[in-house]
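Colleague: What follows is model08.cif, mmCIF, N, CA and C atoms.
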data_final
loop_
_atom_site.label_atom_id
_atom_site.label_comp_id
_atom_site.auth_asym_id
_atom_site.auth_seq_id
_atom_site.Cartn_x
_atom_site.Cartn_y
_atom_site.Cartn_z
N MET A 1 0.84 -1.18 0.00
CA MET A 1 0.00 0.00 0.00
C MET A 1 0.89 1.24 0.00
N THR A 2 0.56 2.18 -0.85
CA THR A 2 1.27 3.44 -0.91
C THR A 2 0.77 4.37 0.19
N ILE A 3 1.71 5.02 0.86
CA ILE A 3 1.34 6.01 1.86
C ILE A 3 1.70 7.39 1.30
N PHE A 4 0.69 8.25 1.21
CA PHE A 4 0.88 9.60 0.73
C PHE A 4 1.28 10.49 1.90
N LEU A 5 2.22 11.43 1.67
CA LEU A 5 2.63 12.37 2.70
C LEU A 5 1.93 13.70 2.49
N LYS A 6 1.54 14.33 3.60
CA LYS A 6 0.84 15.60 3.55
C LYS A 6 1.34 16.49 4.68
N ASP A 7 1.61 17.75 4.37
CA ASP A 7 1.96 18.73 5.39
C ASP A 7 0.68 19.20 6.06
N PRO A 8 0.68 19.44 7.38
CA PRO A 8 -0.56 19.87 8.04
C PRO A 8 -1.09 21.21 7.55
N GLY A 9 -0.22 22.05 6.98
CA GLY A 9 -0.66 23.35 6.49
C GLY A 9 -1.11 23.34 5.04
N ALA A 10 -0.97 22.20 4.37
CA ALA A 10 -1.31 22.12 2.95
C ALA A 10 -2.76 21.69 2.73
N GLY A 11 -3.33 22.22 1.68
CA GLY A 11 -4.63 21.77 1.18
C GLY A 11 -4.38 21.12 -0.17
N LEU A 12 -4.42 19.80 -0.22
CA LEU A 12 -4.05 19.07 -1.43
C LEU A 12 -5.21 18.23 -1.95
N ASP A 13 -5.24 18.07 -3.29
CA ASP A 13 -6.23 17.19 -3.92
C ASP A 13 -5.69 15.76 -3.99
N TYR A 14 -6.56 14.82 -3.69
CA TYR A 14 -6.27 13.39 -3.83
C TYR A 14 -7.37 12.81 -4.69
N ALA A 15 -7.01 11.86 -5.56
CA ALA A 15 -7.98 11.33 -6.52
C ALA A 15 -7.92 9.81 -6.60
N VAL A 16 -9.06 9.22 -6.95
CA VAL A 16 -9.15 7.80 -7.28
C VAL A 16 -9.63 7.74 -8.72
N ASP A 17 -8.88 7.01 -9.56
CA ASP A 17 -9.25 6.87 -10.97
C ASP A 17 -10.03 5.57 -11.13
N TRP A 18 -11.32 5.69 -11.37
CA TRP A 18 -12.20 4.54 -11.52
C TRP A 18 -12.34 4.10 -12.98
N SER A 19 -11.76 4.84 -13.91
CA SER A 19 -12.00 4.59 -15.33
C SER A 19 -11.44 3.26 -15.82
N ALA A 20 -10.33 2.82 -15.29
CA ALA A 20 -9.70 1.59 -15.80
C ALA A 20 -10.53 0.34 -15.51
N GLY A 21 -11.06 0.21 -14.32
CA GLY A 21 -11.75 -1.01 -13.95
C GLY A 21 -13.24 -1.02 -14.20
N TYR A 22 -13.90 0.06 -13.86
CA TYR A 22 -15.36 0.07 -13.87
C TYR A 22 -15.96 0.80 -15.06
N LEU A 23 -15.25 1.75 -15.59
CA LEU A 23 -15.87 2.63 -16.56
C LEU A 23 -15.43 2.32 -17.99
N SER A 24 -15.06 1.07 -18.25
CA SER A 24 -14.72 0.68 -19.62
C SER A 24 -15.97 0.67 -20.50
N ASP A 25 -17.14 0.51 -19.91
CA ASP A 25 -18.41 0.62 -20.62
C ASP A 25 -18.83 2.09 -20.55
N PRO A 26 -18.88 2.80 -21.68
CA PRO A 26 -19.20 4.23 -21.63
C PRO A 26 -20.60 4.55 -21.09
N ALA A 27 -21.45 3.53 -20.99
CA ALA A 27 -22.80 3.76 -20.44
C ALA A 27 -22.78 3.83 -18.91
N VAL A 28 -21.71 3.35 -18.28
CA VAL A 28 -21.60 3.35 -16.82
C VAL A 28 -20.82 4.58 -16.38
N THR A 29 -21.39 5.32 -15.43
CA THR A 29 -20.74 6.51 -14.89
C THR A 29 -20.75 6.44 -13.36
N ILE A 30 -20.03 7.33 -12.74
CA ILE A 30 -20.04 7.45 -11.29
C ILE A 30 -21.28 8.27 -10.92
N ALA A 31 -22.19 7.65 -10.18
CA ALA A 31 -23.43 8.33 -9.78
C ALA A 31 -23.23 9.14 -8.51
N THR A 32 -22.59 8.54 -7.50
CA THR A 32 -22.35 9.24 -6.24
C THR A 32 -20.96 8.89 -5.72
N SER A 33 -20.41 9.79 -4.94
CA SER A 33 -19.11 9.60 -4.32
C SER A 33 -19.13 10.26 -2.95
N SER A 34 -18.66 9.54 -1.94
CA SER A 34 -18.54 10.13 -0.60
C SER A 34 -17.16 9.78 -0.03
N TRP A 35 -16.66 10.66 0.79
CA TRP A 35 -15.34 10.51 1.40
C TRP A 35 -15.46 10.54 2.91
N SER A 36 -14.65 9.72 3.60
CA SER A 36 -14.59 9.76 5.06
C SER A 36 -13.14 9.64 5.51
N VAL A 37 -12.88 10.14 6.72
CA VAL A 37 -11.54 10.15 7.30
C VAL A 37 -11.58 9.41 8.63
N ASP A 38 -10.57 8.57 8.86
CA ASP A 38 -10.45 7.85 10.13
C ASP A 38 -8.99 7.93 10.58
N PRO A 39 -8.68 8.38 11.76
CA PRO A 39 -9.61 8.78 12.81
C PRO A 39 -10.10 10.22 12.63
N VAL A 40 -11.25 10.49 13.22
CA VAL A 40 -11.77 11.84 13.31
C VAL A 40 -11.28 12.38 14.65
N GLU A 41 -10.54 13.50 14.59
CA GLU A 41 -9.98 14.04 15.82
C GLU A 41 -9.78 15.55 15.67
N THR A 42 -9.68 16.24 16.78
CA THR A 42 -9.43 17.67 16.79
C THR A 42 -8.10 17.95 16.09
N GLY A 43 -8.13 18.82 15.09
CA GLY A 43 -6.93 19.16 14.34
C GLY A 43 -6.57 18.15 13.27
N GLY A 44 -7.38 17.11 13.15
CA GLY A 44 -7.09 16.04 12.19
C GLY A 44 -7.41 16.41 10.76
N VAL A 45 -7.11 15.50 9.87
CA VAL A 45 -7.38 15.71 8.44
C VAL A 45 -8.88 15.88 8.23
N VAL A 46 -9.23 16.84 7.38
CA VAL A 46 -10.61 17.14 7.03
C VAL A 46 -10.76 17.00 5.52
N ALA A 47 -11.77 16.26 5.07
CA ALA A 47 -12.06 16.11 3.65
C ALA A 47 -13.06 17.19 3.23
N THR A 48 -12.69 17.99 2.23
CA THR A 48 -13.57 19.05 1.73
C THR A 48 -13.57 19.03 0.21
N THR A 49 -14.46 19.78 -0.38
CA THR A 49 -14.51 20.01 -1.82
C THR A 49 -14.39 18.72 -2.64
N ALA A 50 -15.31 17.80 -2.43
CA ALA A 50 -15.33 16.56 -3.21
C ALA A 50 -16.00 16.80 -4.55
N ARG A 51 -15.47 16.15 -5.59
CA ARG A 51 -16.05 16.29 -6.92
C ARG A 51 -15.77 15.04 -7.76
N ILE A 52 -16.50 14.95 -8.87
CA ILE A 52 -16.33 13.86 -9.84
C ILE A 52 -15.96 14.51 -11.16
N GLU A 53 -14.85 14.03 -11.76
CA GLU A 53 -14.39 14.58 -13.04
C GLU A 53 -13.83 13.46 -13.91
N ALA A 54 -14.43 13.24 -15.07
CA ALA A 54 -13.90 12.33 -16.09
C ALA A 54 -13.45 10.97 -15.54
N GLY A 55 -14.34 10.30 -14.84
CA GLY A 55 -14.02 8.96 -14.34
C GLY A 55 -13.19 8.92 -13.08
N ARG A 56 -12.95 10.08 -12.49
CA ARG A 56 -12.17 10.15 -11.25
C ARG A 56 -12.98 10.83 -10.17
N THR A 57 -12.76 10.41 -8.93
CA THR A 57 -13.31 11.10 -7.77
C THR A 57 -12.16 11.83 -7.10
N ILE A 58 -12.41 13.07 -6.70
CA ILE A 58 -11.35 13.93 -6.18
C ILE A 58 -11.83 14.59 -4.89
N VAL A 59 -10.93 14.70 -3.92
CA VAL A 59 -11.25 15.38 -2.67
C VAL A 59 -10.05 16.22 -2.26
N THR A 60 -10.33 17.36 -1.63
CA THR A 60 -9.27 18.17 -1.06
C THR A 60 -9.16 17.83 0.42
N LEU A 61 -7.94 17.56 0.86
CA LEU A 61 -7.68 17.25 2.28
C LEU A 61 -6.95 18.42 2.92
N LEU A 62 -7.45 18.84 4.08
CA LEU A 62 -6.87 19.94 4.84
C LEU A 62 -6.40 19.45 6.20
N ALA A 63 -5.47 20.18 6.79
CA ALA A 63 -5.03 20.01 8.18
C ALA A 63 -4.38 18.65 8.44
N GLY A 64 -4.44 18.21 9.69
CA GLY A 64 -3.84 16.94 10.11
C GLY A 64 -2.85 17.14 11.24
N VAL A 65 -2.74 16.13 12.09
CA VAL A 65 -1.82 16.15 13.22
C VAL A 65 -0.51 15.51 12.79
N PRO A 66 0.62 16.24 12.88
CA PRO A 66 1.90 15.66 12.48
C PRO A 66 2.19 14.34 13.19
N GLY A 67 2.70 13.39 12.42
CA GLY A 67 3.03 12.08 12.95
C GLY A 67 1.89 11.08 12.89
N ARG A 68 0.70 11.52 12.51
CA ARG A 68 -0.47 10.63 12.48
C ARG A 68 -0.69 10.07 11.09
N LEU A 69 -1.23 8.85 11.04
CA LEU A 69 -1.61 8.19 9.80
C LEU A 69 -3.13 8.16 9.73
N TYR A 70 -3.67 8.60 8.60
CA TYR A 70 -5.12 8.66 8.41
C TYR A 70 -5.54 7.74 7.28
N GLN A 71 -6.68 7.10 7.45
CA GLN A 71 -7.27 6.28 6.40
C GLN A 71 -8.39 7.11 5.76
N ILE A 72 -8.24 7.37 4.47
CA ILE A 72 -9.22 8.14 3.72
C ILE A 72 -9.99 7.14 2.85
N THR A 73 -11.29 7.07 2.99
CA THR A 73 -12.12 6.11 2.26
C THR A 73 -13.00 6.84 1.26
N ASN A 74 -12.99 6.34 0.03
CA ASN A 74 -13.87 6.86 -1.02
C ASN A 74 -14.85 5.76 -1.39
N GLN A 75 -16.13 6.01 -1.12
CA GLN A 75 -17.20 5.07 -1.47
C GLN A 75 -17.96 5.63 -2.66
N VAL A 76 -18.16 4.78 -3.68
CA VAL A 76 -18.86 5.23 -4.88
C VAL A 76 -20.00 4.28 -5.23
N THR A 77 -21.00 4.84 -5.89
CA THR A 77 -22.07 4.07 -6.50
C THR A 77 -22.06 4.43 -7.98
N PHE A 78 -22.14 3.41 -8.83
CA PHE A 78 -22.13 3.61 -10.27
C PHE A 78 -23.55 3.63 -10.80
N SER A 79 -23.70 4.15 -12.01
CA SER A 79 -25.03 4.29 -12.61
C SER A 79 -25.73 2.96 -12.83
N ASP A 80 -24.98 1.86 -12.86
CA ASP A 80 -25.60 0.53 -13.00
C ASP A 80 -25.99 -0.07 -11.65
N GLY A 81 -25.78 0.69 -10.54
CA GLY A 81 -26.16 0.24 -9.20
C GLY A 81 -25.05 -0.44 -8.43
N SER A 82 -23.94 -0.78 -9.08
CA SER A 82 -22.84 -1.42 -8.35
C SER A 82 -22.14 -0.40 -7.46
N GLU A 83 -21.48 -0.90 -6.41
CA GLU A 83 -20.81 -0.05 -5.42
C GLU A 83 -19.42 -0.58 -5.15
N ASP A 84 -18.54 0.31 -4.75
CA ASP A 84 -17.18 -0.10 -4.38
C ASP A 84 -16.57 0.99 -3.52
N GLU A 85 -15.39 0.71 -2.96
CA GLU A 85 -14.67 1.71 -2.19
C GLU A 85 -13.18 1.50 -2.35
N ARG A 86 -12.44 2.57 -2.17
CA ARG A 86 -10.98 2.53 -2.18
C ARG A 86 -10.48 3.27 -0.95
N LEU A 87 -9.34 2.81 -0.44
CA LEU A 87 -8.73 3.41 0.75
C LEU A 87 -7.41 4.07 0.37
N LEU A 88 -7.18 5.23 0.92
CA LEU A 88 -5.91 5.94 0.77
C LEU A 88 -5.30 6.09 2.16
N ALA A 89 -4.02 5.86 2.28
CA ALA A 89 -3.31 6.07 3.54
C ALA A 89 -2.54 7.38 3.42
N VAL A 90 -2.79 8.31 4.35
CA VAL A 90 -2.15 9.63 4.31
C VAL A 90 -1.46 9.87 5.66
N ARG A 91 -0.16 10.06 5.60
CA ARG A 91 0.60 10.37 6.82
C ARG A 91 0.91 11.86 6.82
N VAL A 92 0.67 12.51 7.93
CA VAL A 92 0.90 13.95 8.06
C VAL A 92 2.27 14.16 8.68
N GLU A 93 3.08 14.97 7.99
CA GLU A 93 4.43 15.29 8.46
C GLU A 93 4.70 16.76 8.17
N ASP A 94 5.37 17.45 9.10
CA ASP A 94 5.83 18.80 8.82
C ASP A 94 6.90 18.71 7.75
N ARG A 95 6.70 19.45 6.65
CA ARG A 95 7.65 19.34 5.53
C ARG A 95 8.24 20.69 5.22
#
Would it be possible to restate this file's structure as structure tokens?

Modeller:
Amino acid sequence: MTIFLKDPGAGLDYAVDWSAGYLSDPAVTIATSSWSVDPVETGGVVATTARIEAGRTIVTLLAGVPGRLYQITNQVTFSDGSEDERLLAVRVEDR
């Protein structure tokens, strides 16, 4: 598993590309996308500004406690009714 590094003062976009596996059929699109962060804590990473663009789901992550590892989960529902999720590991470090 890849661990992404993030500075606590940075607001960065993170994306999941769903086009390779699920969206090979042009009739299937991403219907909904939601993001969650674990753990939820004071000063922790916050997921904001979520969007869907060209087969990808994108979220902006803000803040975070230095030295902490966060699990960012993206849950999607496709237009054909199927569902899936992907996990991102984000470690916060002063950079």

Colleague: Which of region 2-60 of chain A counts as strand (DSSP E) under DSSP, as an MDAnalysis selection string please?

Modeller: chainID A and resid 3:6 12:17 30:38 46:53 56:60

Colleague: Select, from A:Arg86, A:Arg95, A:Arg51, A:Arg56, the residue with the minimum atom-to-atom distance to Ile72 (chain A), counting all atoms listed in the file.

Modeller: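 Between A:Arg86, A:Arg95, A:Arg51, A:Arg56, the residue approaching Ile72 (chain A) most closely is A:Arg86.
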
Colleague: Give as a short mmCIF file (atom, residue, chain, number, x, y, z; two decimals) with N, CA and C atoms, in the coordinates of the input the residues that the PyMOL selection byres ((chain A and resi 74-80) around 5) matches when applied to the coordinates above.

Modeller:
data_model
loop_
_atom_site.label_atom_id
_atom_site.label_comp_id
_atom_site.auth_asym_id
_atom_site.auth_seq_id
_atom_site.Cartn_x
_atom_site.Cartn_y
_atom_site.Cartn_z
N THR A 29 -21.39 5.32 -15.43
CA THR A 29 -20.74 6.51 -14.89
C THR A 29 -20.75 6.44 -13.36
N ILE A 30 -20.03 7.33 -12.74
CA ILE A 30 -20.04 7.45 -11.29
C ILE A 30 -21.28 8.27 -10.92
N ALA A 31 -22.19 7.65 -10.18
CA ALA A 31 -23.43 8.33 -9.78
C ALA A 31 -23.23 9.14 -8.51
N THR A 32 -22.59 8.54 -7.50
CA THR A 32 -22.35 9.24 -6.24
C THR A 32 -20.96 8.89 -5.72
N SER A 33 -20.41 9.79 -4.94
CA SER A 33 -19.11 9.60 -4.32
C SER A 33 -19.13 10.26 -2.95
N SER A 34 -18.66 9.54 -1.94
CA SER A 34 -18.54 10.13 -0.60
C SER A 34 -17.16 9.78 -0.03
N TRP A 35 -16.66 10.66 0.79
CA TRP A 35 -15.34 10.51 1.40
C TRP A 35 -15.46 10.54 2.91
N ILE A 72 -8.24 7.37 4.47
CA ILE A 72 -9.22 8.14 3.72
C ILE A 72 -9.99 7.14 2.85
N THR A 73 -11.29 7.07 2.99
CA THR A 73 -12.12 6.11 2.26
C THR A 73 -13.00 6.84 1.26
N GLY A 81 -25.78 0.69 -10.54
CA GLY A 81 -26.16 0.24 -9.20
C GLY A 81 -25.05 -0.44 -8.43
N SER A 82 -23.94 -0.78 -9.08
CA SER A 82 -22.84 -1.42 -8.35
C SER A 82 -22.14 -0.40 -7.46
N GLU A 83 -21.48 -0.90 -6.41
CA GLU A 83 -20.81 -0.05 -5.42
C GLU A 83 -19.42 -0.58 -5.15
N ASP A 84 -18.54 0.31 -4.75
CA ASP A 84 -17.18 -0.10 -4.38
C ASP A 84 -16.57 0.99 -3.52
N GLU A 85 -15.39 0.71 -2.96
CA GLU A 85 -14.67 1.71 -2.19
C GLU A 85 -13.18 1.50 -2.35
N ARG A 86 -12.44 2.57 -2.17
CA ARG A 86 -10.98 2.53 -2.18
C ARG A 86 -10.48 3.27 -0.95
#

Colleague: If the PyMOL selection byres (((chain A and resi 48 and name CA) around 9) and name CA) is run on the structure shown, which residues does it catch, given as an NGL selection string?

Modeller: :A and (35 or 46-47 or 49-50 or 59-62)

Colleague: Starting from the shown file, work through the PyMOL selection byres ((chain A and resi 67) around 7) and note down what comes out as a PyMOL selection string.

Modeller: chain A and resi 64-66+68-69+91-94

Colleague: So that I can check the surroundings of Ala63 (chain A), please list as a list in words every protein, DNA and RNA residue that reaches within 8 Å of it, counting only C-alpha atoms and ignoring chain neighbours fewer than 5 positions away.

Modeller: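 The contact residues come out as Asp7, Pro8, Gly9, Ala10, Gly11, Gly43, Gly44, Val45 and Val46 of chain A.
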
Colleague: Could you check how far CA of Leu23 (chain A) sits from CA of Lys6 (chain A), in Å to one decimal?

Modeller: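 One can read the CA of Leu23 (chain A) to CA of Lys6 (chain A) distance as 29.2 Å.
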
Colleague: Mind pulling up the distance from atom C of Glu53 (chain A) to atom C of Asp25 (chain A)?

Modeller: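 Separation between atom C of Asp25 (chain A) and atom C of Glu53 (chain A): 14.1 Å.
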
Colleague: So how far away is atom C of Ser19 (chain A) from atom C of Gly55 (chain A), in Å?

Modeller: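 Taking atom C of Gly55 (chain A) as the start and atom C of Ser19 (chain A) as the end point, the length is 6.5 Å.
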
Colleague: Edge lengths and centre, in Å to one decimal, as JSON: that's what I need for the box along x, y and z that holds all listed atoms of region 54-61 of chain A plus 5 Å on each side.

Modeller:
{"center_x": -10.7, "center_y": 13.7, "center_z": -6.6, "size_x": 17.5, "size_y": 19.5, "size_z": 29.0}

Colleague: Here is a test: counting only N, CA and C atoms, which residue of A:Ile58, A:Gln71, A:Ala27, A:Pro39 is nearest to Ala89 (chain A)?

Modeller: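 Closest to Ala89 (chain A) of all the choices is A:Gln71.
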
Colleague: Rank nothing, just name the residue among A:Leu5, A:Asp17, A:Tyr70, A:Leu12 nearest to Thr57 (chain A), using only N, CA and C atoms.

Modeller: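 Comparing A:Leu5, A:Asp17, A:Tyr70, A:Leu12 against Thr57 (chain A), the winner is A:Asp17.
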